[in-house]
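What follows is the content of my_file.txt (compact mmCIF, C-alpha atoms).
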# COMPACT_ATOMS: atom_id res chain seq x y z
CA MET O 1 0.00 0.00 0.00
CA LEU O 2 1.25 3.47 -0.91
CA ASP O 3 2.14 5.64 2.06
CA SER O 4 -0.50 8.35 2.47
CA ALA O 5 2.12 11.10 2.49
CA ILE O 6 3.51 9.94 -0.86
CA GLU O 7 0.00 9.58 -2.24
CA LEU O 8 -0.78 13.16 -1.22
CA ALA O 9 2.46 14.48 -2.75
CA VAL O 10 1.80 12.71 -6.06
CA SER O 11 -1.82 13.90 -6.12
CA ARG O 12 -0.70 17.49 -5.68
CA ARG O 13 1.90 17.10 -8.40
CA ILE O 14 -0.45 15.52 -10.94
CA GLY O 15 -3.59 17.37 -9.94
CA GLU O 16 -5.61 14.18 -9.65
CA SER O 17 -6.30 12.11 -6.54
CA SER O 18 -6.45 8.69 -8.22
CA GLY O 19 -6.43 6.81 -11.50
CA TRP O 20 -2.84 7.67 -12.34
CA SER O 21 -1.47 6.20 -15.53
CA GLU O 22 2.09 4.94 -15.88
CA ASP O 23 2.77 7.78 -18.30
CA LEU O 24 1.70 10.40 -15.75
CA LEU O 25 3.78 8.81 -12.99
CA SER O 26 6.84 8.44 -15.22
CA ALA O 27 6.61 12.12 -16.17
CA ILE O 28 7.06 13.33 -12.57
CA GLU O 29 10.61 14.64 -12.18
CA VAL O 30 10.31 16.61 -8.91
CA LEU O 31 8.53 15.55 -5.72
CA HIS O 32 8.23 17.07 -2.23
CA VAL O 33 7.09 14.61 0.46
CA GLU O 34 6.32 15.45 4.08
CA HIS O 35 5.98 13.08 7.04
CA ALA O 36 6.16 9.76 5.19
CA ARG O 37 6.83 6.58 7.14
CA ASP O 38 7.27 4.13 4.25
CA LEU O 39 9.21 5.30 1.20
CA GLN O 40 9.18 2.14 -0.91
CA GLY O 41 6.21 3.50 -2.87
CA LEU O 42 8.54 5.96 -4.58
CA SER O 43 9.41 3.15 -6.96
CA ILE O 44 6.32 4.10 -8.99
CA LEU O 45 8.18 7.27 -10.02
CA PRO O 46 11.12 6.10 -12.16
CA GLY O 47 11.60 9.52 -13.72
CA LEU O 48 12.38 11.39 -10.50
CA ARG O 49 15.31 13.77 -10.80
CA SER O 50 14.76 15.76 -7.60
CA LEU O 51 13.36 14.37 -4.35
CA ILE O 52 12.72 16.39 -1.19
CA LEU O 53 11.83 14.50 1.99
CA VAL O 54 10.85 16.53 5.05
CA GLY O 55 10.15 15.13 8.49
CA CYS O 56 10.16 11.52 7.33
CA GLU O 57 10.90 8.24 9.05
CA ILE O 58 13.91 7.00 7.11
CA SER O 59 16.76 5.29 8.90
CA THR O 60 19.06 4.71 5.93
CA VAL O 61 19.35 5.85 2.32
CA SER O 62 19.48 2.20 1.31
CA SER O 63 15.77 1.95 2.21
CA LEU O 64 14.95 4.16 -0.79
CA PRO O 65 14.12 2.36 -4.03
CA LEU O 66 16.70 2.74 -6.77
CA LEU O 67 15.86 5.87 -8.77
CA GLU O 68 18.29 5.83 -11.66
CA ARG O 69 17.76 9.46 -12.71
CA LEU O 70 17.89 11.04 -9.26
CA GLY O 71 20.36 13.91 -9.30
CA SER O 72 19.19 15.92 -6.29
CA LEU O 73 18.20 14.42 -2.93
CA GLU O 74 17.25 16.43 0.14
CA ILE O 75 16.32 14.72 3.40
CA GLY O 76 15.63 17.22 6.17
CA ASP O 77 14.38 17.06 9.74
CA SER O 78 14.17 13.29 9.45
CA SER O 79 15.44 10.24 11.31
CA LEU O 80 18.21 9.44 8.81
CA GLY O 81 21.04 7.69 10.61
CA SER O 82 22.97 6.06 7.77
CA LEU O 83 24.07 7.08 4.28
CA GLU O 84 24.81 3.50 3.23
CA GLY O 85 23.64 3.04 -0.34
CA VAL O 86 23.86 6.70 -1.32
CA GLU O 87 26.44 5.85 -4.00
CA ARG O 88 23.69 4.01 -5.94
CA PHE O 89 22.25 7.33 -7.05
CA PRO O 90 23.78 9.65 -9.69
CA LEU O 91 23.64 12.60 -7.31
CA HIS O 92 25.12 16.02 -7.91
CA THR O 93 23.35 17.55 -4.88
CA LEU O 94 22.78 16.00 -1.46
CA GLY O 95 21.20 17.82 1.48
CA VAL O 96 20.75 16.03 4.81
CA ARG O 97 20.11 18.90 7.19
CA ARG O 98 19.07 18.11 10.75
CA ASN O 99 19.17 14.34 10.83
CA LEU O 100 20.90 11.78 13.07
CA LEU O 101 24.06 11.22 11.03
CA GLU O 102 27.39 10.50 12.66
CA ASP O 103 29.29 8.72 9.87
CA ILE O 104 29.10 10.29 6.40
CA SER O 105 31.93 8.32 4.76
CA PRO O 106 29.61 6.73 2.13
CA VAL O 107 29.30 10.17 0.51
CA ALA O 108 32.88 9.81 -0.70
CA GLY O 109 31.58 7.17 -3.11
CA VAL O 110 29.26 9.60 -4.91
CA GLU O 111 31.46 10.36 -7.91
CA ASN O 112 29.62 13.35 -9.42
CA LEU O 113 28.69 15.13 -6.19
CA GLU O 114 28.91 18.90 -6.44
CA GLN O 115 27.05 20.14 -3.34
CA LEU O 116 26.62 18.68 0.14
CA ASP O 117 24.80 20.08 3.19
CA VAL O 118 25.19 18.21 6.49
CA THR O 119 24.15 21.01 8.84
CA GLY O 120 22.68 19.97 12.18
CA ASN O 121 24.01 16.40 12.48
CA PRO O 122 26.01 14.79 15.34
CA LEU O 123 28.97 14.15 13.05
CA ASN O 124 31.82 12.06 14.42
CA VAL O 125 35.45 13.15 14.46
CA GLU O 126 36.30 11.29 11.24
CA ALA O 127 33.48 13.07 9.41
CA VAL O 128 34.67 16.49 10.56
CA ARG O 129 38.42 15.96 10.24
CA VAL O 130 38.67 13.54 7.30
CA THR O 131 35.55 13.14 5.16
CA LEU O 132 34.48 16.77 4.84
CA PRO O 133 37.99 18.11 4.10
CA GLY O 134 38.44 15.35 1.53
CA LEU O 135 35.24 16.31 -0.23
CA ARG O 136 36.24 19.98 -0.25
CA GLU O 137 39.57 19.03 -1.82
CA ARG O 138 37.59 17.32 -4.58
CA GLY O 139 35.80 20.59 -5.26
CA VAL O 140 32.51 19.71 -3.54
CA GLN O 141 30.73 22.72 -2.06
CA VAL O 142 30.16 21.69 1.55
CA LYS O 143 27.90 23.27 4.16
CA SER O 144 28.19 22.11 7.74
CA SER O 145 27.60 23.30 11.27
CA GLY O 146 30.54 24.72 13.16
CA GLU O 147 32.44 22.38 15.45
CA ALA O 148 30.84 23.93 18.56
CA GLU O 149 27.32 23.15 17.33
CA ILE O 150 28.37 19.67 16.22
CA ASP O 151 29.88 19.00 19.63
CA LEU O 152 26.73 20.12 21.43
CA THR O 153 24.56 17.99 19.14
CA ARG O 154 26.80 15.00 19.79
CA ARG O 155 26.61 15.58 23.56
CA LEU O 156 22.83 15.73 23.39
CA HIS O 157 22.79 12.34 21.70
CA GLU O 158 25.18 10.92 24.30
CA ILE O 159 22.71 11.73 27.10
CA GLY O 160 19.79 10.21 25.22
CA LEU O 161 18.37 13.34 23.60
CA PRO O 162 18.26 12.80 19.79
CA PHE O 163 18.05 16.50 18.99
CA SER O 164 19.88 18.67 16.46
CA TYR O 165 21.52 21.96 17.36
CA TYR O 166 22.25 24.32 14.51
CA ARG O 167 22.72 27.95 13.57
CA SER O 168 20.08 29.46 11.30
CA SER O 169 20.00 32.94 9.77
CA MET O 170 18.11 34.08 12.87
CA GLY O 171 20.20 32.46 15.59
CA TYR O 172 20.96 29.17 17.33
CA GLN O 173 18.10 26.69 17.35
CA LEU O 174 17.20 23.22 18.56
CA SER O 175 15.16 20.67 16.61
CA ARG O 176 13.74 17.14 16.97
CA PRO O 177 14.41 15.14 13.77
CA GLY O 178 11.95 12.49 12.66
CA LEU O 179 8.45 11.65 13.81
CA ALA O 180 9.23 9.78 17.03
CA LEU O 181 9.08 12.85 19.26
CA THR O 182 6.91 15.32 17.34
CA GLU O 183 4.39 15.50 14.52
CA ASN O 184 6.05 18.69 13.27
CA PRO O 185 9.81 18.08 13.13
CA GLU O 186 10.43 20.89 10.64
CA GLY O 187 8.80 23.48 12.93
CA ASP O 188 8.80 24.54 16.58
CA HIS O 189 12.58 24.98 16.82
CA PRO O 190 13.33 26.92 20.03
CA PHE O 191 16.14 29.44 20.17
CA VAL O 192 18.84 28.80 22.74
CA GLU O 193 22.34 30.25 23.02
CA PRO O 194 25.30 27.83 23.10
CA GLU O 195 26.32 28.81 26.63
CA GLU O 196 22.83 28.18 27.99
CA LEU O 197 22.50 24.84 26.20
CA GLU O 198 25.91 23.72 27.42
CA SER O 199 24.90 24.62 30.99
CA LEU O 200 21.64 22.68 30.71
CA ILE O 201 23.41 19.61 29.32
CA SER O 202 25.90 19.68 32.19
CA ARG O 203 23.59 20.59 35.08
CA SER O 204 19.99 19.88 34.10
CA PRO O 205 19.69 17.71 30.97
CA GLY O 206 16.04 17.02 31.73
CA ALA O 207 15.29 20.70 31.16
CA VAL O 208 16.50 20.60 27.54
CA ALA O 209 13.36 18.88 26.26
CA ALA O 210 11.23 21.48 28.05
CA LEU O 211 12.64 24.16 25.72
CA PHE O 212 10.27 22.90 23.03
CA ASP O 213 7.31 23.86 25.23
CA ASP O 214 8.49 27.43 25.79
CA GLU O 215 6.51 29.62 23.38
CA ASN O 216 8.74 32.60 24.15
CA ARG O 217 11.66 30.80 22.49
CA MET O 218 9.90 30.34 19.16
CA TRP O 219 9.93 32.59 16.12
CA PRO O 220 7.56 33.57 14.81
CA PRO O 221 5.71 33.62 18.16
CA GLN O 222 3.39 30.66 18.61
CA VAL O 223 -0.36 31.35 18.75
Mind turning this structure into structure tokens?
Amino acid sequence: MLDSAIELAVSRRIGESSGWSEDLLSAIEVLHVEHARDLQGLSILPGLRSLILVGCEISTVSSLPLLERLGSLEIGDSSLGSLEGVERFPLHTLGVRRNLLEDISPVAGVENLEQLDVTGNPLNVEAVRVTLPGLRERGVQVKSSGEAEIDLTRRLHEIGLPFSYYRSSMGYQLSRPGLALTENPEGDHPFVEPEELESLISRSPGAVAALFDDENRMWPPQV
């Protein structure tokens, strides 16, 4: 059965809610999916060139069906924990903002990669000191959190809080990737300064989760 989130995304793209022909499905080159839990249904779209997944339950890239034309893949605010299998796709652009990634070494196997965004992940030391510099030397345009934000994200994970800490254009924010802890992982990201977050992690880790309930920390203000 097709995941309802994929069904909704396809319906919006085609303009029809059912009765899709193979020709219509094959003609879809760009798709934006939110909050999907089962992504195998994407196999009905062999012509996809650009796929955007937001707030989805996806543990590894290898769980995606093989899409032989896929050049751009963005997985944001999701539960992605492994990039194994990413080399199967002919990607030139890969965005995995605010996920659960520690090891990103499989990206080195993507031969034609031009752009990579790994902002907001608990990257391990090898990723920061070896993989990312190696990709930059290849000419890949890389976006990543600073080491201070990466360290804080990693420390959150170490104490059992699978959150992402990142710097946006408006300030430092905290997010909850995936659908396990929230129905709106791409929204409700409280602002918190690094010094305050570091203090909470050290002295009162239980108070970190409560930041998501503080309306005064959200922007725009919650109503």
Might you pull out every residue within 8 Å of segment 162-176 of chain O, with all atoms listed in the file counted and same-chain residues fewer than 2 positions away left off, and present them as a list in words?
-> Asp77, Arg98, Asn99, Leu100, Thr119, Gly120, Asn121, Pro122, Ser145, Glu149, Ile150, Leu152, Thr153, Leu156, His157, Gly160, Gly178, Leu181, Thr182, Pro185, Glu186, Gly187, Asp188, His189, Pro190, Phe191, Val192, Glu193 and Pro194 of chain O
Give as number ranges by chain the set of residues within 8 Å of the point (16.5, 9.4, 11.4), where distances use the file's coordinates and all atoms listed in the file.
-> O: 56-60, 78-81, 99-101, 177-178
Write the residues you've just listed into a file as a PDB file, keeping the file's coordinate frame, and include C-alpha atoms for each of them.
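Final file, part07.pdb:
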ATOM      1  CA  CYS O  56      10.160  11.520   7.330  1.00  0.00           C
ATOM      2  CA  GLU O  57      10.900   8.240   9.050  1.00  0.00           C
ATOM      3  CA  ILE O  58      13.910   7.000   7.110  1.00  0.00           C
ATOM      4  CA  SER O  59      16.760   5.290   8.900  1.00  0.00           C
ATOM      5  CA  THR O  60      19.060   4.710   5.930  1.00  0.00           C
ATOM      6  CA  SER O  78      14.170  13.290   9.450  1.00  0.00           C
ATOM      7  CA  SER O  79      15.440  10.240  11.310  1.00  0.00           C
ATOM      8  CA  LEU O  80      18.210   9.440   8.810  1.00  0.00           C
ATOM      9  CA  GLY O  81      21.040   7.690  10.610  1.00  0.00           C
ATOM     10  CA  ASN O  99      19.170  14.340  10.830  1.00  0.00           C
ATOM     11  CA  LEU O 100      20.900  11.780  13.070  1.00  0.00           C
ATOM     12  CA  LEU O 101      24.060  11.220  11.030  1.00  0.00           C
ATOM     13  CA  PRO O 177      14.410  15.140  13.770  1.00  0.00           C
ATOM     14  CA  GLY O 178      11.950  12.490  12.660  1.00  0.00           C
TER      15      GLY O 178
END
Who sits within 12 Å of Ile44 of chain O, all atoms listed in the file, same chain under 2 positions skipped, as a PyMOL selection string | chain O and resi 1-3+6-7+10+20-29+39-42+46-48+64-67
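Our summary of the geometry notes that atom CA of Val30 of chain O is positioned 18.6 Å from atom CA of Arg88 of chain O.
Residues in contact with segment 70-75 of chain O at up to 7 Å, not including ones fewer than 3 positions away on its chain and judged by only C-alpha atoms, are Leu48, Arg49, Ser50, Leu51, Ile52, Leu53, Val54, Leu67, Ser78, Phe89, Pro90, Leu91, His92, Thr93, Leu94, Gly95, Val96 and Arg97 of chain O.
The closest residue to Val130 of chain O, picked from O:Asp103, O:Asp213, O:Asp117, O:Glu111 and counting only C-alpha atoms, is O:Asp103.
Distances to Leu200 of chain O were evaluated for O:Leu179, O:Ile159, O:Leu45, O:Met218 using all atoms listed in the file, and the minimum falls at O:Ile159.
Here atom CA of Gly139 of chain O is placed at a distance of 12.8 Å from atom CA of Val110 of chain O.
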Closest of O:Glu196, O:Glu68, O:Asp151, O:Glu87 to Asn124 of chain O, counting all atoms listed in the file, is O:Asp151
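Among the candidates O:Ser82, O:Val208, O:Ala108, O:Gly15, the residue lying nearest to Leu161 of chain O is O:Val208 (atoms considered: all atoms listed in the file).
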